[in-house]
There are 2 protein chains.
Amino acid sequence: MPLLGLLPRRAWAALLSQLLRPPCASCTGAVRCQSQGEESLQVAEAVLTSQLKAHQEKPNFIIKIPKGTRDLSPQHMVVREKILDLVISCFKRHGAKGMDTPAFELKETLTEKYGEDSGLMYDLKDQGGELLSLRYDLTVPFARYLAMNKVKKMKRYHVGKVWRRESPSIVQGRYREFCQCDFDIAGQFDPMIPDAECLKIICEILSGLQLGDFFIKVNDRRIVDGMFAACGVPESKFRAICSSIDKLDKMAWKDVRHEMVAKKGLAPEVADRIGDYVQCHGGVSLVEQMFQDPRLSQNKQALEGLEDLKLLFEYLTLFGIAEKISFDLSLARGLDYYTGVIYEAVLLQTPTQAGEEPLNVGSVAAGGRYDGLVGMFDPKGHKVPCVGLSIGVERIFYIVEQRMKTKGEKVRTTETQVFVATPQKNFLQERLKLITELWDAGIKAEMLYKNNPKLLTQLHYCESTGIPLVVIIGEQELKEGIIKIRSVASREEVAIKRENLVAEIQKRLSES
Amino acid sequence: MPLLGLLPRRAWAALLSQLLRPPCASCTGAVRCQSQGEESLQVAEAVLTSQLKAHQEKPNFIIKIPKGTRDLSPQHMVVREKILDLVISCFKRHGAKGMDTPAFELKETLTEKYGEDSGLMYDLKDQGGELLSLRYDLTVPFARYLAMNKVKKMKRYHVGKVWRRESPSIVQGRYREFCQCDFDIAGQFDPMIPDAECLKIICEILSGLQLGDFFIKVNDRRIVDGMFAACGVPESKFRAICSSIDKLDKMAWKDVRHEMVAKKGLAPEVADRIGDYVQCHGGVSLVEQMFQDPRLSQNKQALEGLEDLKLLFEYLTLFGIAEKISFDLSLARGLDYYTGVIYEAVLLQTPTQAGEEPLNVGSVAAGGRYDGLVGMFDPKGHKVPCVGLSIGVERIFYIVEQRMKTKGEKVRTTETQVFVATPQKNFLQERLKLITELWDAGIKAEMLYKNNPKLLTQLHYCESTGIPLVVIIGEQELKEGIIKIRSVASREEVAIKRENLVAEIQKRLSES
């Protein structure tokens with residue numbers, strides 16, 4: 001192998017890069033960082049050791065995957081596939097089309113769209129072409145697509161990976177590479193009909209996934225801004241204060257207040273006025289109440305937002321989901337591009353799940369209206385109003401996996417229906433012919449890749465992988481033109497005519 | 001909008017980067033390059049113009065996507081979904097598990113695995129962490145996964161994007177971001193059984209996709225190397241000459257010969273000896289013939305390869321696919337990591353497709369055995385033998401799309417089954433109630449997001465998007481407790497009781 005001669009040099013380079021690497025600046029997950037540090041030291045030691053006994057064995061490699069990422073094992077994939085199928089079929093039920101965009105965009109496409117979070121973007125190395133960044137969400141690429149193709153109307157869904165260089169806190173199932181599932185409606189329509197449908201979709205998906213009880217917080221960016229104006233926040237601080245308010249689901253009010261006053265220079269009395277509002281949440285009656293609010297009702301923007309929310313609640317009642325919705329003045333949403341209704345779905349820990357490990361549940365779906373984003377990409381600033389939602393599938397995957405673990409549920413990672421076995425030596429040829437018959441009939445079938453496997457090994461393989469049926473062929477069966485079919489669960493065996501094999505198996509599979 | 005103030009500066013920056021950008025070094029697709037150049041000039045001009053009439057309108061943006069990439073429209077997605085479904089269901093039929101790896105790997109994981117092509121890797125910018133590169137294929141990440149998790153046995157499939165900075169020649173449907181569909185069997189098994197199954201899978205998929213006639217070229221790296229040794233190629237030049245031979249399906253022999261002699265310093269008589277071999281192709285009889293070849297039969301490696309091919313043909317006969325296979329001494333495969341059997345499936349232009357536009361068909365599936373790759377990642381060099389295949393789905397998508405274009409076939413991009421319409425004004429509430437009933441029963445339904453749409457607009461929407469059924473509700477229907485169901489194709493309408501709506505629609509949908 002041509003590579004072998006280079007190995008020691010590569011191992012040294014790896015060692016040096018490990019030792020010279022600065023302490024991980026972005027990682028706040030202390031547990032992980034420590035264990036990684038230990039791992040590095042161990043690896044470095046191992047490399048040194050291997051250098052000492054050079055040529056005795058291959059020097060130690062550092063096999064790792066990038067920080068904050070992970071492989072998805074077959075177990076993960078089965079859970080994901082089921083959840084994504086349910087999500088996508090809901091999107092299709094509402095008439096959405098699929099689409100995809102490249103994993104990276106021109107850097108310029110993504111800049112100044114995400115507010116304070118922009119620093120978390122992954123840039124590609126300048127290899128003598130354009131400056132590129134990995135996509136940070138699916139919304140900005142969608143807006144770019146609409147503007148570039150001059151599409152004025154579109155209902156689409158998009159399932160794909162996005163990348164953010166966030167401090168990976170693995171415990172909460174947060175990664176630097178993760179999957180997003182978005183549904184958006186672009187186009188000029190009568191108010192609140194598409195917005196209400198987005199909330200209906202979130203309800204259908206969360207009910208369908210049976211994650212337990214949930215509710216959806218709703219607010220409107222115009223009410224947020226109107227509230228800021230009414231409280232006396234200077235307009236230049238709107239987005240910064242908005243991003244502080246957005247942290248209220250993770251931080252206590254006093255810490256958010258401190259951030260606004262100490263870090264963002266807000267007057268304490270202004271902060272306190274905001275504090276009064278952000279404690280308000282309720283149903284449609286709170287909307288009515290806010291119409292009467294002396295400060296808010298003076299603000300044109302806020303009034304527009306309240307009018308729309310009132311209409312929204314009317315449609316939500318017709319959709320039968322109004323009781324799931326909570327008008328919540330503390331909801332702000334961090335991203336810069338929202339312009340109207342915003343929402344965020346939250347799971348509730350139900351009492352029936354008390355026996356389970358406590359889960360850090362939280363936002364599992366979110367979205368809102370962004371009427372200005374497409375116009376940012378249009379040469380003449382032509383706007384295409386949009387509203388959409390994103391299902392927090394990574395958190396959902398995590399919750400479902402944890403529940404399965406607690407319940408001790410196992411998943412099959414293959415779909416194999418039939419196993420082809422033999423008790424005889426030198427029966428490979430017959431097994432190959434038999435399995436060909438099954439494959440060609442569309443039956444999912446496996447056999448062991450051995451000339452002379454033991455029958456017990458073969459049956460054990462079926463039990464451990466959950467294959468329900470075994471067909472058995474041996475000297476005797478071959479002579480008599482029959483095949484034995486064995487049910488793995490009941491261990492019952494029946495003999496059938498060889499020519500009826502496919503029909504018999506299809507019959508059994510359709511019954512089960 | 002806070003962005004507006006920055007626009008002129010950004011537009012100038014974009015203009016400068018356009019004007020100062022060096023001529024595109026990697027792009028050989030002259031047509032595209034020229035048109036891009038023109039586009040840049042036009043854009044530059046437009047930006048200048050917009051600077052002159054500053055503040056009159058928003059300066060011109062350059063909306064583009066990265067070179068060599070593209071968006072996948074709903075039309076593309078429908079074709080892809082169908083093809084991928086067929087491919088994945090074949091992989092599952094053979095007992096494969098799904099898995100996924102991150103889009104990027106540590107750069108070191110990928111280096112020295114791909115031979116001459118390594119320069120085409122996309123690197124990520126060093127943002128103060130690890131050095132990362134986008135994955136170049138799915139095979140090396142799979143090998144890394146096996147080694148890292150000490151998995152000794154696994155049959156898995158993986159569908160995902162990979163990235164290569166190749167000169168984009170869009171005409172042939174070749175992009176810098178593309179989808180790969182891989183199936184691999186890892187583990188120590190009896191010889192040639194998994195290898196034969198890989199060829200069987202390729203046959204099942206290509207037959208299932210009905211792309212026309214095809215055949216699969218088969219060779220063995222040990223025969224290639226044995227042939228080189230027998231012809232007098234110095235061992236240090238094996239991989240370089242191998243990569244020249246690999247070009248024989250795109251280049252004439254005389255050009256390949258020239259490359260080997262002039263660029264790679266091979267003696268002309270050695271090249272000519274190779275030339276004699278690489279013209280040979282045939283069935284199992286050619287394998288027998290090569291056993292008798294005076295030079296090849298002296299070479300231990302080549303003999304091992306020939307023995308294995310003989311066994312392979314035996315299994316392929318049992319699988320009923322031997323007539324699809326051609327032992328071809330010109331097949332070399334470019335990637336460094338192959339160690340045994342290699343194969344490549346090629347589509348034939350069938351006479352029945354003579355009316356179609358000529359397609360540059362070629363390799364649509366390929367793979368081989370790589371017994372050393374996992375060991376490269378293992379600290380002690382422990383090997384896990386692997387064999388696998390990759391379906392060239394991008395080329396297949398392209399072929400299918402071209403055929404559909406030629407035949408004028410259209411695809412529906414949504415799956416909507418029922419449209420909720422009204423001939424009446426102010427009937428939004430009733431439509432919303434009705435559509436909720438349908439959605440909640442799992443029926444795919446749409447309506448227009450308008451308070452008062454015209455009936456004709458609503459019916460036209462169904463015709464243009466292919467929705468088969470319309471349910472119509474108006475004043476009269478509401479009063480009588482009925483609903484009209486209209487078949488879009490036949491334009492027939494029937495009235496049914498409102499309470500039977502869901503059942504009636506489900507009946508009609510199951511019949512169609």
# chains A, B, ... in the order shown; residues from 1 in each chain; ligands from 1
call {"tool": "residues_around", "arguments": {"residues": "region 243-257 of chain A", "least_positions_apart": "4", "cutoff": "12 Å", "atoms": "only C-alpha atoms", "output": "ChimeraX atom specification"}}
result
/A:114-117,217,219,221,224-225,227-228,237-239,261-279,328-336,342-346,360-363
call {"tool": "residues_around", "arguments": {"residues": "Trp163 (chain A)", "least_positions_apart": "2", "cutoff": "7 Å", "atoms": "only C-alpha atoms", "output": "JSON, numbers by chain"}}
result
{"A": [122, 134, 135, 136, 161, 165, 176, 177, 178]}
call {"tool": "write_last_selection", "arguments": {"atoms": "N, CA and C atoms", "output": "PDB file, in the first residue's frame"}}
result
ATOM      1  N   TYR A 122     -21.229  28.687   9.086  1.00  0.00           N
ATOM      2  CA  TYR A 122     -20.042  27.976   8.592  1.00  0.00           C
ATOM      3  C   TYR A 122     -19.647  28.550   7.236  1.00  0.00           C
ATOM      4  N   LEU A 134     -22.345  27.565   4.399  1.00  0.00           N
ATOM      5  CA  LEU A 134     -23.366  26.521   4.530  1.00  0.00           C
ATOM      6  C   LEU A 134     -24.688  27.163   4.949  1.00  0.00           C
ATOM      7  N   ARG A 135     -25.791  26.627   4.468  1.00  0.00           N
ATOM      8  CA  ARG A 135     -27.068  27.256   4.791  1.00  0.00           C
ATOM      9  C   ARG A 135     -27.353  27.157   6.295  1.00  0.00           C
ATOM     10  N   TYR A 136     -27.971  28.213   6.800  1.00  0.00           N
ATOM     11  CA  TYR A 136     -28.191  28.390   8.230  1.00  0.00           C
ATOM     12  C   TYR A 136     -29.632  28.040   8.596  1.00  0.00           C
ATOM     13  N   LYS A 161     -30.784  19.365   5.785  1.00  0.00           N
ATOM     14  CA  LYS A 161     -29.854  19.696   6.854  1.00  0.00           C
ATOM     15  C   LYS A 161     -29.491  21.172   6.821  1.00  0.00           C
ATOM     16  N   ARG A 165     -22.706  26.904  13.895  1.00  0.00           N
ATOM     17  CA  ARG A 165     -21.542  26.635  14.745  1.00  0.00           C
ATOM     18  C   ARG A 165     -21.851  26.960  16.205  1.00  0.00           C
ATOM     19  N   ARG A 176     -24.488  20.736  15.759  1.00  0.00           N
ATOM     20  CA  ARG A 176     -24.096  21.757  14.782  1.00  0.00           C
ATOM     21  C   ARG A 176     -24.615  21.444  13.387  1.00  0.00           C
ATOM     22  N   GLU A 177     -24.940  20.197  13.161  1.00  0.00           N
ATOM     23  CA  GLU A 177     -25.616  19.809  11.915  1.00  0.00           C
ATOM     24  C   GLU A 177     -26.957  19.253  12.327  1.00  0.00           C
ATOM     25  N   PHE A 178     -28.020  19.799  11.777  1.00  0.00           N
ATOM     26  CA  PHE A 178     -29.323  19.246  12.145  1.00  0.00           C
ATOM     27  C   PHE A 178     -30.326  19.402  11.024  1.00  0.00           C
TER      28      PHE A 178
END
call {"tool": "atom_distance", "arguments": {"atom1": "CA of Leu132 (chain B)", "atom2": "CA of Leu84 (chain B)"}}
result
28.8 Å
call {"tool": "closest_residue", "arguments": {"among": "B:Cys462, B:Val400, B:Leu206, B:Leu478", "to": "His76 (chain B)", "atoms": "only C-alpha atoms"}}
result
B:Val400
call {"tool": "atom_distance", "arguments": {"atom1": "CA of Asp123 (chain A)", "atom2": "CA of Pro66 (chain B)"}}
result
13.1 Å
call {"tool": "residues_around", "arguments": {"residues": "Leu373 (chain B)", "least_positions_apart": "2", "cutoff": "10 Å", "atoms": "only C-alpha atoms", "output": "list in words"}}
result
Lys113, Thr139, Val140, Phe142, Ala143, Arg144, Ala147, Asp336, Tyr337, Tyr338, Thr339, Arg369, Tyr370, Asp371, Gly375, Met376, Phe377, Asp378, Gly381, Lys383, Val384, Pro385 and Cys386 of chain B
call {"tool": "atom_distance", "arguments": {"atom1": "CA of Pro194 (chain B)", "atom2": "CA of Ala495 (chain A)"}}
result
29.0 Å
call {"tool": "select_by_dssp", "arguments": {"residues": "region 139-372 of chain B", "states": "alpha helix (DSSP H)", "output": "PyMOL selection string"}}
result
chain B and resi 139-148+193-208+221-231+238-245+253-258+268-278+284-291+300-318
call {"tool": "closest_residue", "arguments": {"among": "B:Lys410, B:Lys125, B:Lys454, B:Lys479", "to": "chain A", "atoms": "only C-alpha atoms"}}
result
B:Lys125
call {"tool": "decode", "arguments": {"residues": "region 178-194 of chain B", "atoms": "all heavy atoms", "output": "PDB file, in the first residue's frame"}}
result
ATOM      1  N   PHE B 178     -24.066  16.775  -5.648  1.00  0.00           N
ATOM      2  CA  PHE B 178     -24.937  15.754  -6.225  1.00  0.00           C
ATOM      3  C   PHE B 178     -25.241  14.657  -5.221  1.00  0.00           C
ATOM      4  O   PHE B 178     -24.605  14.529  -4.184  1.00  0.00           O
ATOM      5  CB  PHE B 178     -24.357  15.195  -7.525  1.00  0.00           C
ATOM      6  CG  PHE B 178     -22.984  14.605  -7.409  1.00  0.00           C
ATOM      7  CD1 PHE B 178     -22.805  13.253  -7.255  1.00  0.00           C
ATOM      8  CD2 PHE B 178     -21.865  15.431  -7.456  1.00  0.00           C
ATOM      9  CE1 PHE B 178     -21.535  12.702  -7.150  1.00  0.00           C
ATOM     10  CE2 PHE B 178     -20.587  14.892  -7.353  1.00  0.00           C
ATOM     11  CZ  PHE B 178     -20.420  13.528  -7.198  1.00  0.00           C
ATOM     12  N   CYS B 179     -26.254  13.875  -5.583  1.00  0.00           N
ATOM     13  CA  CYS B 179     -26.773  12.845  -4.692  1.00  0.00           C
ATOM     14  C   CYS B 179     -26.111  11.512  -5.010  1.00  0.00           C
ATOM     15  O   CYS B 179     -25.928  11.173  -6.177  1.00  0.00           O
ATOM     16  CB  CYS B 179     -28.289  12.758  -4.916  1.00  0.00           C
ATOM     17  SG  CYS B 179     -29.093  11.466  -3.989  1.00  0.00           S
ATOM     18  N   GLN B 180     -25.717  10.787  -3.968  1.00  0.00           N
ATOM     19  CA  GLN B 180     -25.224   9.427  -4.174  1.00  0.00           C
ATOM     20  C   GLN B 180     -26.122   8.441  -3.429  1.00  0.00           C
ATOM     21  O   GLN B 180     -26.694   8.766  -2.392  1.00  0.00           O
ATOM     22  CB  GLN B 180     -23.793   9.291  -3.671  1.00  0.00           C
ATOM     23  CG  GLN B 180     -22.783   9.898  -4.630  1.00  0.00           C
ATOM     24  CD  GLN B 180     -21.396   9.271  -4.472  1.00  0.00           C
ATOM     25  OE1 GLN B 180     -21.047   8.778  -3.420  1.00  0.00           O
ATOM     26  NE2 GLN B 180     -20.607   9.299  -5.540  1.00  0.00           N
ATOM     27  N   CYS B 181     -26.235   7.248  -3.993  1.00  0.00           N
ATOM     28  CA  CYS B 181     -27.021   6.169  -3.391  1.00  0.00           C
ATOM     29  C   CYS B 181     -26.136   4.954  -3.292  1.00  0.00           C
ATOM     30  O   CYS B 181     -25.870   4.303  -4.294  1.00  0.00           O
ATOM     31  CB  CYS B 181     -28.185   5.785  -4.288  1.00  0.00           C
ATOM     32  SG  CYS B 181     -29.457   7.000  -4.362  1.00  0.00           S
ATOM     33  N   ASP B 182     -25.675   4.664  -2.098  1.00  0.00           N
ATOM     34  CA  ASP B 182     -24.710   3.581  -1.941  1.00  0.00           C
ATOM     35  C   ASP B 182     -25.280   2.416  -1.153  1.00  0.00           C
ATOM     36  O   ASP B 182     -26.062   2.609  -0.222  1.00  0.00           O
ATOM     37  CB  ASP B 182     -23.469   4.094  -1.201  1.00  0.00           C
ATOM     38  CG  ASP B 182     -22.554   4.889  -2.099  1.00  0.00           C
ATOM     39  OD1 ASP B 182     -23.031   5.390  -3.129  1.00  0.00           O
ATOM     40  OD2 ASP B 182     -21.364   5.007  -1.755  1.00  0.00           O
ATOM     41  N   PHE B 183     -24.845   1.242  -1.536  1.00  0.00           N
ATOM     42  CA  PHE B 183     -25.152   0.017  -0.801  1.00  0.00           C
ATOM     43  C   PHE B 183     -23.833  -0.697  -0.581  1.00  0.00           C
ATOM     44  O   PHE B 183     -23.053  -0.837  -1.520  1.00  0.00           O
ATOM     45  CB  PHE B 183     -26.104  -0.851  -1.645  1.00  0.00           C
ATOM     46  CG  PHE B 183     -26.331  -2.244  -1.104  1.00  0.00           C
ATOM     47  CD1 PHE B 183     -27.464  -2.537  -0.346  1.00  0.00           C
ATOM     48  CD2 PHE B 183     -25.424  -3.270  -1.367  1.00  0.00           C
ATOM     49  CE1 PHE B 183     -27.681  -3.829   0.138  1.00  0.00           C
ATOM     50  CE2 PHE B 183     -25.635  -4.564  -0.878  1.00  0.00           C
ATOM     51  CZ  PHE B 183     -26.765  -4.839  -0.125  1.00  0.00           C
ATOM     52  N   ASP B 184     -23.552  -1.111   0.640  1.00  0.00           N
ATOM     53  CA  ASP B 184     -22.285  -1.791   0.908  1.00  0.00           C
ATOM     54  C   ASP B 184     -22.480  -2.938   1.886  1.00  0.00           C
ATOM     55  O   ASP B 184     -23.328  -2.871   2.779  1.00  0.00           O
ATOM     56  CB  ASP B 184     -21.265  -0.810   1.493  1.00  0.00           C
ATOM     57  CG  ASP B 184     -20.839   0.255   0.493  1.00  0.00           C
ATOM     58  OD1 ASP B 184     -21.578   1.246   0.337  1.00  0.00           O
ATOM     59  OD2 ASP B 184     -19.793   0.072  -0.140  1.00  0.00           O
ATOM     60  N   ILE B 185     -21.671  -3.958   1.710  1.00  0.00           N
ATOM     61  CA  ILE B 185     -21.661  -5.094   2.629  1.00  0.00           C
ATOM     62  C   ILE B 185     -20.268  -5.184   3.245  1.00  0.00           C
ATOM     63  O   ILE B 185     -19.285  -5.389   2.530  1.00  0.00           O
ATOM     64  CB  ILE B 185     -22.001  -6.412   1.908  1.00  0.00           C
ATOM     65  CG1 ILE B 185     -23.380  -6.330   1.238  1.00  0.00           C
ATOM     66  CG2 ILE B 185     -21.947  -7.594   2.876  1.00  0.00           C
ATOM     67  CD1 ILE B 185     -23.706  -7.505   0.333  1.00  0.00           C
ATOM     68  N   ALA B 186     -20.200  -4.985   4.558  1.00  0.00           N
ATOM     69  CA  ALA B 186     -18.926  -5.070   5.263  1.00  0.00           C
ATOM     70  C   ALA B 186     -18.893  -6.356   6.066  1.00  0.00           C
ATOM     71  O   ALA B 186     -19.897  -6.734   6.671  1.00  0.00           O
ATOM     72  CB  ALA B 186     -18.769  -3.879   6.193  1.00  0.00           C
ATOM     73  N   GLY B 187     -17.758  -7.016   6.064  1.00  0.00           N
ATOM     74  CA  GLY B 187     -17.621  -8.232   6.885  1.00  0.00           C
ATOM     75  C   GLY B 187     -16.830  -9.304   6.171  1.00  0.00           C
ATOM     76  O   GLY B 187     -16.670  -9.272   4.944  1.00  0.00           O
ATOM     77  N   GLN B 188     -16.360 -10.244   6.984  1.00  0.00           N
ATOM     78  CA  GLN B 188     -15.571 -11.358   6.464  1.00  0.00           C
ATOM     79  C   GLN B 188     -16.514 -12.493   6.108  1.00  0.00           C
ATOM     80  O   GLN B 188     -17.139 -13.077   6.989  1.00  0.00           O
ATOM     81  CB  GLN B 188     -14.566 -11.787   7.551  1.00  0.00           C
ATOM     82  CG  GLN B 188     -13.615 -12.885   7.126  1.00  0.00           C
ATOM     83  CD  GLN B 188     -12.621 -12.365   6.102  1.00  0.00           C
ATOM     84  OE1 GLN B 188     -11.888 -11.407   6.353  1.00  0.00           O
ATOM     85  NE2 GLN B 188     -12.608 -12.975   4.915  1.00  0.00           N
ATOM     86  N   PHE B 189     -16.676 -12.774   4.832  1.00  0.00           N
ATOM     87  CA  PHE B 189     -17.611 -13.816   4.408  1.00  0.00           C
ATOM     88  C   PHE B 189     -16.942 -14.754   3.412  1.00  0.00           C
ATOM     89  O   PHE B 189     -15.811 -14.510   3.010  1.00  0.00           O
ATOM     90  CB  PHE B 189     -18.857 -13.178   3.762  1.00  0.00           C
ATOM     91  CG  PHE B 189     -19.575 -12.229   4.670  1.00  0.00           C
ATOM     92  CD1 PHE B 189     -19.559 -10.864   4.421  1.00  0.00           C
ATOM     93  CD2 PHE B 189     -20.261 -12.689   5.782  1.00  0.00           C
ATOM     94  CE1 PHE B 189     -20.213  -9.982   5.265  1.00  0.00           C
ATOM     95  CE2 PHE B 189     -20.924 -11.813   6.627  1.00  0.00           C
ATOM     96  CZ  PHE B 189     -20.899 -10.463   6.365  1.00  0.00           C
ATOM     97  N   ASP B 190     -17.662 -15.775   3.004  1.00  0.00           N
ATOM     98  CA  ASP B 190     -17.095 -16.645   1.978  1.00  0.00           C
ATOM     99  C   ASP B 190     -17.053 -15.896   0.648  1.00  0.00           C
ATOM    100  O   ASP B 190     -17.914 -15.059   0.363  1.00  0.00           O
ATOM    101  CB  ASP B 190     -17.908 -17.946   1.881  1.00  0.00           C
ATOM    102  CG  ASP B 190     -17.569 -18.892   3.035  1.00  0.00           C
ATOM    103  OD1 ASP B 190     -16.421 -18.841   3.519  1.00  0.00           O
ATOM    104  OD2 ASP B 190     -18.445 -19.666   3.464  1.00  0.00           O
ATOM    105  N   PRO B 191     -16.011 -16.198  -0.162  1.00  0.00           N
ATOM    106  CA  PRO B 191     -15.726 -15.331  -1.303  1.00  0.00           C
ATOM    107  C   PRO B 191     -16.865 -15.204  -2.318  1.00  0.00           C
ATOM    108  O   PRO B 191     -17.582 -16.159  -2.589  1.00  0.00           O
ATOM    109  CB  PRO B 191     -14.495 -15.978  -1.955  1.00  0.00           C
ATOM    110  CG  PRO B 191     -14.352 -17.314  -1.339  1.00  0.00           C
ATOM    111  CD  PRO B 191     -15.011 -17.260  -0.010  1.00  0.00           C
ATOM    112  N   MET B 192     -17.021 -14.017  -2.810  1.00  0.00           N
ATOM    113  CA  MET B 192     -17.847 -13.690  -3.977  1.00  0.00           C
ATOM    114  C   MET B 192     -19.353 -13.740  -3.753  1.00  0.00           C
ATOM    115  O   MET B 192     -20.093 -13.358  -4.653  1.00  0.00           O
ATOM    116  CB  MET B 192     -17.496 -14.613  -5.182  1.00  0.00           C
ATOM    117  CG  MET B 192     -16.107 -14.373  -5.744  1.00  0.00           C
ATOM    118  SD  MET B 192     -15.911 -12.706  -6.392  1.00  0.00           S
ATOM    119  CE  MET B 192     -14.760 -12.050  -5.185  1.00  0.00           C
ATOM    120  N   ILE B 193     -19.825 -14.164  -2.573  1.00  0.00           N
ATOM    121  CA  ILE B 193     -21.287 -14.177  -2.383  1.00  0.00           C
ATOM    122  C   ILE B 193     -21.808 -12.742  -2.257  1.00  0.00           C
ATOM    123  O   ILE B 193     -22.720 -12.352  -2.992  1.00  0.00           O
ATOM    124  CB  ILE B 193     -21.727 -15.069  -1.195  1.00  0.00           C
ATOM    125  CG1 ILE B 193     -20.980 -16.417  -1.214  1.00  0.00           C
ATOM    126  CG2 ILE B 193     -23.228 -15.287  -1.230  1.00  0.00           C
ATOM    127  CD1 ILE B 193     -21.342 -17.349  -0.056  1.00  0.00           C
ATOM    128  N   PRO B 194     -21.230 -11.908  -1.379  1.00  0.00           N
ATOM    129  CA  PRO B 194     -21.705 -10.513  -1.350  1.00  0.00           C
ATOM    130  C   PRO B 194     -21.428  -9.764  -2.644  1.00  0.00           C
ATOM    131  O   PRO B 194     -22.234  -8.939  -3.076  1.00  0.00           O
ATOM    132  CB  PRO B 194     -20.918  -9.879  -0.196  1.00  0.00           C
ATOM    133  CG  PRO B 194     -20.233 -10.963   0.515  1.00  0.00           C
ATOM    134  CD  PRO B 194     -20.189 -12.160  -0.356  1.00  0.00           C
TER     135      PRO B 194
END
